[in-house]
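This is model13.pdb (PDB, C-alpha atoms).
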ATOM      1  CA  VAL A1421     -13.614  -5.952 -39.491
ATOM      2  CA  TRP A1422     -16.037  -3.801 -37.460
ATOM      3  CA  ASN A1423     -19.008  -5.852 -38.695
ATOM      4  CA  ALA A1424     -17.596  -9.071 -37.245
ATOM      5  CA  HIS A1425     -19.538 -10.800 -34.437
ATOM      6  CA  TRP A1426     -16.977  -9.840 -31.766
ATOM      7  CA  PHE A1427     -17.479  -6.112 -32.339
ATOM      8  CA  GLU A1428     -21.297  -6.207 -32.255
ATOM      9  CA  ILE A1429     -21.256  -5.681 -28.481
ATOM     10  CA  SER A1430     -22.119  -2.021 -29.047
ATOM     11  CA  GLU A1431     -22.370   0.620 -31.746
ATOM     12  CA  GLU A1432     -19.617   2.595 -29.993
ATOM     13  CA  THR A1433     -17.234  -0.383 -30.270
ATOM     14  CA  GLN A1434     -18.002  -0.709 -33.956
ATOM     15  CA  ARG A1435     -17.481   3.022 -34.475
ATOM     16  CA  GLN A1436     -14.123   2.980 -32.680
ATOM     17  CA  THR A1437     -12.985  -0.097 -34.582
ATOM     18  CA  LYS A1438     -13.939   1.484 -37.903
ATOM     19  CA  ALA A1439     -11.902   4.570 -36.922
ATOM     20  CA  ASP A1440      -8.956   2.337 -35.982
ATOM     21  CA  VAL A1441      -9.030   0.687 -39.396
ATOM     22  CA  ARG A1442      -8.966   4.079 -41.097
ATOM     23  CA  ARG A1443      -5.963   5.190 -39.004
ATOM     24  CA  ALA A1444      -4.122   1.969 -39.832
ATOM     25  CA  ALA A1445      -4.956   2.369 -43.517
ATOM     26  CA  ALA A1446      -3.252   5.767 -43.303
ATOM     27  CA  GLY A1447      -0.086   4.054 -42.090
ATOM     28  CA  GLU A1448      -0.487   4.289 -38.295
ATOM     29  CA  PHE A1449       0.028   1.310 -35.988
ATOM     30  CA  VAL A1450      -3.063   1.097 -33.788
ATOM     31  CA  ARG A1451      -3.313  -0.651 -30.441
ATOM     32  CA  ARG A1452      -5.755  -0.500 -27.548
ATOM     33  CA  GLU A1453      -7.744  -2.590 -25.092
ATOM     34  CA  LEU A1454     -11.167  -3.451 -26.404
ATOM     35  CA  GLU A1455     -14.232  -5.071 -24.854
ATOM     36  CA  VAL A1456     -15.806  -7.483 -27.337
ATOM     37  CA  GLN A1457     -18.507 -10.126 -27.506
ATOM     38  CA  GLY A1458     -17.010 -13.502 -26.588
ATOM     39  CA  ALA A1459     -18.425 -17.004 -26.783
ATOM     40  CA  ASP A1460     -19.454 -17.003 -23.102
ATOM     41  CA  GLY A1461     -20.088 -13.315 -22.570
ATOM     42  CA  THR A1462     -17.975 -10.212 -22.870
ATOM     43  CA  ALA A1463     -14.200 -10.412 -23.113
ATOM     44  CA  VAL A1464     -11.347  -7.937 -23.111
ATOM     45  CA  ILE A1465      -8.721  -8.179 -25.842
ATOM     46  CA  ASP A1466      -5.426  -6.466 -26.537
ATOM     47  CA  PHE A1467      -6.362  -5.375 -30.051
ATOM     48  CA  SER A1468      -3.987  -4.019 -32.664
ATOM     49  CA  ILE A1469      -3.833  -3.327 -36.399
ATOM     50  CA  ARG A1470      -0.437  -3.268 -38.082
ATOM     51  CA  PRO A1471      -0.149  -1.665 -41.560
ATOM     52  CA  ILE A1472       2.135  -3.364 -44.094
ATOM     53  CA  THR A1473       3.629  -1.102 -46.753
ATOM     54  CA  ASP A1474       5.291  -1.666 -50.113
ATOM     55  CA  GLU A1475       8.629  -0.256 -51.262
ATOM     56  CA  ASP A1476       6.997   3.100 -51.978
ATOM     57  CA  GLY A1477       5.508   3.348 -48.497
ATOM     58  CA  ASN A1478       1.962   2.652 -49.603
ATOM     59  CA  VAL A1479      -0.199   0.562 -47.270
ATOM     60  CA  VAL A1480      -0.984  -2.688 -49.056
ATOM     61  CA  LEU A1481      -2.151  -4.869 -46.165
ATOM     62  CA  LEU A1482      -3.618  -4.508 -42.675
ATOM     63  CA  VAL A1483      -2.844  -7.209 -40.113
ATOM     64  CA  PRO A1484      -5.278  -7.230 -37.168
ATOM     65  CA  ASP A1485      -4.398  -9.084 -33.987
ATOM     66  CA  GLY A1486      -6.319  -9.712 -30.780
ATOM     67  CA  ARG A1487      -5.058 -11.316 -27.579
ATOM     68  CA  ASP A1488      -7.540 -12.307 -24.880
ATOM     69  CA  ILE A1489      -6.543 -10.518 -21.652
ATOM     70  CA  THR A1490      -9.830 -11.008 -19.786
ATOM     71  CA  ASP A1491      -8.206 -13.000 -16.966
ATOM     72  CA  LEU A1492      -5.440 -10.407 -16.640
ATOM     73  CA  LYS A1493      -7.950  -7.558 -16.363
ATOM     74  CA  ASP A1494      -9.960  -9.532 -13.794
ATOM     75  CA  ARG A1495      -6.805 -10.014 -11.704
ATOM     76  CA  GLU A1496      -5.985  -6.304 -12.009
ATOM     77  CA  ARG A1497      -9.469  -5.371 -10.776
ATOM     78  CA  GLU A1498      -9.199  -7.830  -7.898
ATOM     79  CA  LEU A1499      -5.790  -6.457  -6.963
ATOM     80  CA  LYS A1500      -7.172  -2.921  -7.063
ATOM     81  CA  ARG A1501     -10.044  -3.907  -4.761
ATOM     82  CA  HIS A1502      -7.611  -5.643  -2.411
ATOM     83  CA  ARG A1503      -5.380  -2.574  -2.273
ATOM     84  CA  ALA A1504      -8.344  -0.318  -1.561
ATOM     85  CA  PHE A1505      -9.477  -2.661   1.218
ATOM     86  CA  LEU A1506      -5.965  -2.788   2.696
ATOM     87  CA  GLU A1507      -5.593   1.002   2.595
ATOM     88  CA  ARG A1508      -8.976   1.486   4.279
ATOM     89  CA  THR A1509      -8.144  -1.087   6.951
ATOM     90  CA  GLU A1510      -4.792   0.576   7.623
ATOM     91  CA  GLU A1511      -6.442   3.993   7.816
ATOM     92  CA  ILE A1512      -8.999   2.821  10.391
ATOM     93  CA  ALA A1513      -6.431   0.976  12.523
ATOM     94  CA  GLY A1514      -3.652   3.549  12.115
ATOM     95  CA  THR A1515      -1.298   0.847  10.860
ATOM     96  CA  GLY A1516       1.044   0.253   7.944
ATOM     97  CA  GLY A1517       3.266  -2.484   6.583
ATOM     98  CA  TRP A1518       6.857  -2.518   5.373
ATOM     99  CA  GLU A1519       9.533  -4.844   4.012
ATOM    100  CA  VAL A1520      13.313  -4.481   3.702
ATOM    101  CA  ASP A1521      15.438  -6.294   1.131
ATOM    102  CA  VAL A1522      18.528  -7.589   2.956
ATOM    103  CA  THR A1523      20.761  -7.342  -0.117
ATOM    104  CA  THR A1524      19.816  -3.883  -1.398
ATOM    105  CA  GLN A1525      18.658  -2.403   1.937
ATOM    106  CA  GLU A1526      15.701  -0.934   0.065
ATOM    107  CA  GLN A1527      12.333  -0.692   1.775
ATOM    108  CA  ARG A1528       8.797  -1.054   0.477
ATOM    109  CA  TRP A1529       6.023   0.707   2.378
ATOM    110  CA  THR A1530       2.276   0.394   2.240
ATOM    111  CA  GLU A1531       0.124   3.504   2.001
ATOM    112  CA  GLY A1532      -0.568   3.319   5.730
ATOM    113  CA  THR A1533       3.137   3.554   6.570
ATOM    114  CA  TYR A1534       3.504   6.668   4.432
ATOM    115  CA  LYS A1535       0.533   8.259   6.221
ATOM    116  CA  ILE A1536       1.961   7.548   9.672
ATOM    117  CA  HIS A1537       5.121   9.393   8.603
ATOM    118  CA  ASP A1538       3.025  12.232   7.106
ATOM    119  CA  LEU A1539       4.474  11.451   3.695
ATOM    120  CA  ASN A1540       2.843  11.058   0.304
ATOM    121  CA  SER A1541       3.530   7.786  -1.502
ATOM    122  CA  ASP A1542       3.967   9.840  -4.700
ATOM    123  CA  SER A1543       6.711  11.994  -3.157
ATOM    124  CA  ASP A1544      10.415  11.773  -3.983
ATOM    125  CA  PHE A1545      11.195  10.153  -0.625
ATOM    126  CA  GLU A1546      12.853   6.762  -1.084
ATOM    127  CA  PRO A1547      12.421   4.668   2.067
ATOM    128  CA  ASP A1548      15.775   2.895   2.316
ATOM    129  CA  ILE A1549      16.661   1.581   5.743
ATOM    130  CA  ASP A1550      18.976   4.435   6.769
ATOM    131  CA  ALA A1551      16.469   7.098   5.749
ATOM    132  CA  ALA A1552      13.694   5.299   7.633
ATOM    133  CA  ILE A1553      15.750   5.067  10.836
ATOM    134  CA  GLU A1554      16.544   8.787  10.622
ATOM    135  CA  LEU A1555      12.819   9.460  10.950
ATOM    136  CA  TYR A1556      12.842   8.126  14.523
ATOM    137  CA  HIS A1557      13.557  10.322  17.521
ATOM    138  CA  PRO A1558      17.339  10.759  17.962
ATOM    139  CA  ASP A1559      17.206   9.025  21.346
ATOM    140  CA  ASP A1560      15.449   5.973  19.837
ATOM    141  CA  ARG A1561      17.487   5.499  16.654
ATOM    142  CA  ALA A1562      20.138   3.255  18.198
ATOM    143  CA  GLU A1563      17.458   0.928  19.602
ATOM    144  CA  ILE A1564      15.622   0.498  16.295
ATOM    145  CA  ARG A1565      18.868   0.162  14.331
ATOM    146  CA  ASN A1566      20.151  -2.582  16.671
ATOM    147  CA  ALA A1567      16.823  -4.419  16.501
ATOM    148  CA  VAL A1568      16.757  -4.295  12.693
ATOM    149  CA  THR A1569      20.389  -5.436  12.471
ATOM    150  CA  ARG A1570      19.794  -8.416  14.791
ATOM    151  CA  CYS A1571      16.695  -9.376  12.813
ATOM    152  CA  MET A1572      18.578  -9.241   9.505
ATOM    153  CA  GLU A1573      21.717 -11.007  10.745
ATOM    154  CA  ARG A1574      20.389 -13.433  13.361
ATOM    155  CA  GLY A1575      16.727 -13.733  12.521
ATOM    156  CA  GLU A1576      15.606 -12.279  15.865
ATOM    157  CA  PRO A1577      12.070 -10.829  15.695
ATOM    158  CA  TYR A1578      11.316  -7.671  17.622
ATOM    159  CA  GLU A1579       8.493  -5.460  18.837
ATOM    160  CA  LEU A1580       9.209  -1.973  20.138
ATOM    161  CA  GLU A1581       7.396   1.178  21.181
ATOM    162  CA  LEU A1582       9.377   4.188  19.967
ATOM    163  CA  ARG A1583       9.045   7.830  19.060
ATOM    164  CA  LEU A1584       9.332   9.130  15.530
ATOM    165  CA  LEU A1585       9.410  12.596  14.018
ATOM    166  CA  SER A1586       7.077  12.840  11.045
ATOM    167  CA  ALA A1587       7.716  14.819   7.893
ATOM    168  CA  GLU A1588       5.472  17.519   9.382
ATOM    169  CA  ASP A1589       7.638  17.659  12.560
ATOM    170  CA  GLN A1590       4.998  15.883  14.602
ATOM    171  CA  LEU A1591       6.245  13.733  17.484
ATOM    172  CA  LYS A1592       4.431  10.401  17.385
ATOM    173  CA  TRP A1593       4.591   7.209  19.367
ATOM    174  CA  VAL A1594       4.567   4.052  17.259
ATOM    175  CA  ARG A1595       4.576   0.336  17.901
ATOM    176  CA  THR A1596       6.756  -1.391  15.314
ATOM    177  CA  ASN A1597       7.625  -5.034  14.846
ATOM    178  CA  GLY A1598       9.752  -7.013  12.431
ATOM    179  CA  GLU A1599      10.476 -10.632  11.566
ATOM    180  CA  PRO A1600      12.810 -12.392   9.113
ATOM    181  CA  VAL A1601      11.754 -13.716   5.696
ATOM    182  CA  ARG A1602      13.717 -16.812   4.696
ATOM    183  CA  GLU A1603      14.258 -18.546   1.363
ATOM    184  CA  ASP A1604      16.117 -21.869   1.370
ATOM    185  CA  GLY A1605      17.118 -21.170   4.961
ATOM    186  CA  GLU A1606      18.684 -17.786   4.181
ATOM    187  CA  ILE A1607      17.312 -14.472   5.429
ATOM    188  CA  VAL A1608      16.450 -12.488   2.297
ATOM    189  CA  ALA A1609      14.266  -9.802   3.835
ATOM    190  CA  ILE A1610      12.580  -8.630   6.981
ATOM    191  CA  ARG A1611       9.014  -7.444   7.124
ATOM    192  CA  GLY A1612       6.734  -6.040   9.727
ATOM    193  CA  ALA A1613       4.130  -3.514  10.710
ATOM    194  CA  ILE A1614       3.993  -0.089  12.289
ATOM    195  CA  GLN A1615       1.088   1.378  14.261
ATOM    196  CA  ASP A1616       0.459   4.908  15.447
ATOM    197  CA  ILE A1617      -0.166   4.620  19.210
ATOM    198  CA  THR A1618       0.130   8.321  20.017
ATOM    199  CA  ASP A1619      -3.479   8.576  21.240
ATOM    200  CA  LEU A1620      -3.089   5.404  23.310
ATOM    201  CA  LYS A1621       0.018   6.818  24.976
ATOM    202  CA  GLU A1622      -1.788  10.072  25.722
ATOM    203  CA  ARG A1623      -4.722   8.225  27.324
ATOM    204  CA  LYS A1624      -2.312   6.254  29.491
ATOM    205  CA  ARG A1625      -0.637   9.476  30.590
ATOM    206  CA  GLU A1626      -4.022  11.001  31.444
ATOM    207  CA  LEU A1627      -4.955   7.943  33.499
ATOM    208  CA  GLU A1628      -1.640   8.099  35.321
ATOM    209  CA  ARG A1629      -2.116  11.805  36.078
ATOM    210  CA  TYR A1630      -5.599  11.030  37.377
ATOM    211  CA  ARG A1631      -4.259   8.208  39.545
ATOM    212  CA  VAL A1632      -1.545  10.429  41.034
ATOM    213  CA  THR A1633      -4.031  13.225  41.654
ATOM    214  CA  THR A1634      -6.558  10.995  43.398
ATOM    215  CA  GLN A1635      -3.890   9.254  45.475
ATOM    216  CA  ALA A1636      -2.684  12.632  46.741
ATOM    217  CA  ALA A1637      -6.159  14.064  47.429
ATOM    218  CA  ASN A1638      -7.215  14.704  51.043
ATOM    219  CA  ASN A1639     -10.860  13.902  50.351
ATOM    220  CA  ALA A1640     -12.229  10.495  49.476
ATOM    221  CA  ILE A1641     -12.595   9.879  45.720
ATOM    222  CA  ILE A1642     -14.522   6.796  44.614
ATOM    223  CA  THR A1643     -14.813   5.671  40.978
ATOM    224  CA  ILE A1644     -18.101   3.891  40.172
ATOM    225  CA  ASP A1645     -19.399   2.683  36.808
ATOM    226  CA  GLU A1646     -23.000   2.669  35.531
ATOM    227  CA  SER A1647     -23.738  -0.645  37.293
ATOM    228  CA  SER A1648     -22.641   0.876  40.635
ATOM    229  CA  THR A1649     -19.510  -1.285  40.706
ATOM    230  CA  ILE A1650     -16.674   0.408  42.602
ATOM    231  CA  HIS A1651     -13.454   0.440  40.563
ATOM    232  CA  SER A1652     -11.150   2.536  42.721
ATOM    233  CA  VAL A1653     -10.957   4.286  46.085
ATOM    234  CA  ASN A1654      -8.160   6.650  47.040
ATOM    235  CA  PRO A1655      -6.415   6.318  50.457
ATOM    236  CA  ALA A1656      -8.014   9.447  51.992
TER     237      ALA A1656
END

What would you get if you wrote out this structure as structure tokens?
Amino acid sequence: VWNAHWFEISEETQRQTKADVRRAAAGEFVRRELEVQGADGTAVIDFSIRPITDEDGNVVLLVPDGRDITDLKDRERELKRHRAFLERTEEIAGTGGWEVDVTTQEQRWTEGTYKIHDLNSDSDFEPDIDAAIELYHPDDRAEIRNAVTRCMERGEPYELELRLLSAEDQLKWVRTNGEPVREDGEIVAIRGAIQDITDLKERKRELERYRVTTQAANNAIITIDESSTIHSVNPA
């Protein structure tokens, strides 16, 4: 078997295949993914060797089998690249995605959503809708719950700026939106995005404090940019 054309792609492949045949000859079912030489280049096969035994348990026949899974492996690699790209994009933008199944009330989160909540996607936390709402600030829970309910029942999209309490007890401001997903006219899910806007909120507060301070100042304060354009002058 190991001397066949398909296994001549490398000496290592031939060595592994020879070892697989020996294991199967000893009565072990062998299966693994194997890169082989195909007609138009390399291919990946789901390769197995099944031992057939007689009434006394002696191996009398080996049945090799190979299924071409090259396209499947290509799709898996493409999906992995897409996920990595999505996670990097979410990390840079401070965003995440989510979806809620209307029937089960279960949620699916992207990696970015977990990070905004200071949670690990490998943790035991299961993001059903009630648990997710409990992560918002107590004063904002009714607003997000009503918005989600209207979206699920009436198909009303929403966009809100709310506070949430992360798993690390950090108070964050987020912008969250949701819209219905319909199949055959029925709402089967809602999906949306969430963005950490804590820094944006803080900058707005700083600008407001600056505006109040300059408006109350007794001396003239003029704001000029690098091109000497005047942007603001206080009343003094």

Note to self: When you look at stretch 1570-1585 of chain A with a cut-off of 6 Å (counting all atoms listed in the file), what residues show up, excluding the ones that are within fewer than 6 positions of it in the same chain? I need them as a list in words.
What the structure shows: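 Skipping anything fewer than 6 positions along the chain leaves Leu1555, Tyr1556, His1557, Leu1591, Lys1592, Trp1593, Val1594, Arg1595, Thr1596, Asn1597, Gly1598, Glu1599 and Pro1600 of chain A.
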
I'd like to see the residues matched by the PyMOL selection byres ((chain A and resi 1538-1542) around 9) on this file, and ideally I'd get them as a PDB file with C-alpha atoms, keeping the file's coordinate frame.
ATOM      1  CA  TRP A1529       6.023   0.707   2.378  1.00  0.00           C
ATOM      2  CA  THR A1530       2.276   0.394   2.240  1.00  0.00           C
ATOM      3  CA  GLU A1531       0.124   3.504   2.001  1.00  0.00           C
ATOM      4  CA  THR A1533       3.137   3.554   6.570  1.00  0.00           C
ATOM      5  CA  TYR A1534       3.504   6.668   4.432  1.00  0.00           C
ATOM      6  CA  LYS A1535       0.533   8.259   6.221  1.00  0.00           C
ATOM      7  CA  ILE A1536       1.961   7.548   9.672  1.00  0.00           C
ATOM      8  CA  HIS A1537       5.121   9.393   8.603  1.00  0.00           C
ATOM      9  CA  SER A1543       6.711  11.994  -3.157  1.00  0.00           C
ATOM     10  CA  ASP A1544      10.415  11.773  -3.983  1.00  0.00           C
ATOM     11  CA  PHE A1545      11.195  10.153  -0.625  1.00  0.00           C
ATOM     12  CA  SER A1586       7.077  12.840  11.045  1.00  0.00           C
ATOM     13  CA  ALA A1587       7.716  14.819   7.893  1.00  0.00           C
ATOM     14  CA  GLU A1588       5.472  17.519   9.382  1.00  0.00           C
ATOM     15  CA  ASP A1589       7.638  17.659  12.560  1.00  0.00           C
ATOM     16  CA  GLN A1590       4.998  15.883  14.602  1.00  0.00           C
TER      17      GLN A1590
END

Here atom CA of A:Arg1443 and atom CA of A:Thr1490 stand apart by 25.4 Å

Here atom CA of A:Arg1611 and atom CA of A:Arg1503 stand apart by 17.9 Å

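Across the structure, atom CA of A:Pro1547 and atom CA of A:Leu1620 are spaced 26.3 Å apart.
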
Taking the file as shown, find all residues satisfying the PyMOL selection byres ((chain A and resi 1493) around 12) and write them as a PyMOL selection string. chain A and resi 1453-1455+1463-1466+1488-1492+1494-1500

Where atoms are missing, can you supply N, CA and C atoms for stretch 1590-1613 of chain A and output the lot as a PDB file, in the coordinates of the input?
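Contents of the output file rebuild22.pdb:
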ATOM      1  N   GLN A1590       5.872  16.333  13.533  1.00  0.00           N
ATOM      2  CA  GLN A1590       4.998  15.883  14.602  1.00  0.00           C
ATOM      3  C   GLN A1590       5.653  14.716  15.342  1.00  0.00           C
ATOM      4  N   LEU A1591       5.703  14.825  16.677  1.00  0.00           N
ATOM      5  CA  LEU A1591       6.245  13.733  17.484  1.00  0.00           C
ATOM      6  C   LEU A1591       5.149  12.692  17.686  1.00  0.00           C
ATOM      7  N   LYS A1592       5.416  11.471  17.266  1.00  0.00           N
ATOM      8  CA  LYS A1592       4.431  10.401  17.385  1.00  0.00           C
ATOM      9  C   LYS A1592       5.048   9.206  18.101  1.00  0.00           C
ATOM     10  N   TRP A1593       4.200   8.495  18.811  1.00  0.00           N
ATOM     11  CA  TRP A1593       4.591   7.209  19.367  1.00  0.00           C
ATOM     12  C   TRP A1593       4.097   6.114  18.419  1.00  0.00           C
ATOM     13  N   VAL A1594       4.957   5.155  18.137  1.00  0.00           N
ATOM     14  CA  VAL A1594       4.567   4.052  17.259  1.00  0.00           C
ATOM     15  C   VAL A1594       4.973   2.725  17.887  1.00  0.00           C
ATOM     16  N   ARG A1595       4.202   1.719  17.573  1.00  0.00           N
ATOM     17  CA  ARG A1595       4.576   0.336  17.901  1.00  0.00           C
ATOM     18  C   ARG A1595       5.018  -0.318  16.596  1.00  0.00           C
ATOM     19  N   THR A1596       6.241  -0.787  16.546  1.00  0.00           N
ATOM     20  CA  THR A1596       6.756  -1.391  15.314  1.00  0.00           C
ATOM     21  C   THR A1596       7.302  -2.774  15.610  1.00  0.00           C
ATOM     22  N   ASN A1597       7.091  -3.679  14.684  1.00  0.00           N
ATOM     23  CA  ASN A1597       7.625  -5.034  14.846  1.00  0.00           C
ATOM     24  C   ASN A1597       8.216  -5.503  13.527  1.00  0.00           C
ATOM     25  N   GLY A1598       9.120  -6.465  13.623  1.00  0.00           N
ATOM     26  CA  GLY A1598       9.752  -7.013  12.431  1.00  0.00           C
ATOM     27  C   GLY A1598      10.100  -8.474  12.624  1.00  0.00           C
ATOM     28  N   GLU A1599      10.118  -9.214  11.531  1.00  0.00           N
ATOM     29  CA  GLU A1599      10.476 -10.632  11.566  1.00  0.00           C
ATOM     30  C   GLU A1599      11.190 -10.996  10.269  1.00  0.00           C
ATOM     31  N   PRO A1600      12.039 -12.033  10.308  1.00  0.00           N
ATOM     32  CA  PRO A1600      12.810 -12.392   9.113  1.00  0.00           C
ATOM     33  C   PRO A1600      11.966 -13.132   8.076  1.00  0.00           C
ATOM     34  N   VAL A1601      12.348 -12.958   6.808  1.00  0.00           N
ATOM     35  CA  VAL A1601      11.754 -13.716   5.696  1.00  0.00           C
ATOM     36  C   VAL A1601      12.870 -14.588   5.120  1.00  0.00           C
ATOM     37  N   ARG A1602      12.670 -15.886   5.132  1.00  0.00           N
ATOM     38  CA  ARG A1602      13.717 -16.812   4.696  1.00  0.00           C
ATOM     39  C   ARG A1602      13.354 -17.509   3.390  1.00  0.00           C
ATOM     40  N   GLU A1603      14.373 -17.724   2.567  1.00  0.00           N
ATOM     41  CA  GLU A1603      14.258 -18.546   1.363  1.00  0.00           C
ATOM     42  C   GLU A1603      15.415 -19.520   1.359  1.00  0.00           C
ATOM     43  N   ASP A1604      15.094 -20.811   1.317  1.00  0.00           N
ATOM     44  CA  ASP A1604      16.117 -21.869   1.370  1.00  0.00           C
ATOM     45  C   ASP A1604      17.007 -21.716   2.604  1.00  0.00           C
ATOM     46  N   GLY A1605      16.390 -21.292   3.711  1.00  0.00           N
ATOM     47  CA  GLY A1605      17.118 -21.170   4.961  1.00  0.00           C
ATOM     48  C   GLY A1605      17.875 -19.871   5.147  1.00  0.00           C
ATOM     49  N   GLU A1606      17.956 -19.048   4.104  1.00  0.00           N
ATOM     50  CA  GLU A1606      18.684 -17.786   4.181  1.00  0.00           C
ATOM     51  C   GLU A1606      17.713 -16.624   4.389  1.00  0.00           C
ATOM     52  N   ILE A1607      18.128 -15.663   5.213  1.00  0.00           N
ATOM     53  CA  ILE A1607      17.312 -14.472   5.429  1.00  0.00           C
ATOM     54  C   ILE A1607      17.479 -13.543   4.232  1.00  0.00           C
ATOM     55  N   VAL A1608      16.400 -13.328   3.500  1.00  0.00           N
ATOM     56  CA  VAL A1608      16.450 -12.488   2.297  1.00  0.00           C
ATOM     57  C   VAL A1608      15.782 -11.141   2.513  1.00  0.00           C
ATOM     58  N   ALA A1609      14.977 -11.055   3.556  1.00  0.00           N
ATOM     59  CA  ALA A1609      14.266  -9.802   3.835  1.00  0.00           C
ATOM     60  C   ALA A1609      13.751  -9.841   5.262  1.00  0.00           C
ATOM     61  N   ILE A1610      13.348  -8.681   5.741  1.00  0.00           N
ATOM     62  CA  ILE A1610      12.580  -8.630   6.981  1.00  0.00           C
ATOM     63  C   ILE A1610      11.346  -7.800   6.696  1.00  0.00           C
ATOM     64  N   ARG A1611      10.258  -8.179   7.332  1.00  0.00           N
ATOM     65  CA  ARG A1611       9.014  -7.444   7.124  1.00  0.00           C
ATOM     66  C   ARG A1611       8.301  -7.282   8.449  1.00  0.00           C
ATOM     67  N   GLY A1612       7.445  -6.283   8.486  1.00  0.00           N
ATOM     68  CA  GLY A1612       6.734  -6.040   9.727  1.00  0.00           C
ATOM     69  C   GLY A1612       5.640  -5.015   9.560  1.00  0.00           C
ATOM     70  N   ALA A1613       5.218  -4.482  10.691  1.00  0.00           N
ATOM     71  CA  ALA A1613       4.130  -3.514  10.710  1.00  0.00           C
ATOM     72  C   ALA A1613       4.489  -2.366  11.637  1.00  0.00           C
TER      73      ALA A1613
END
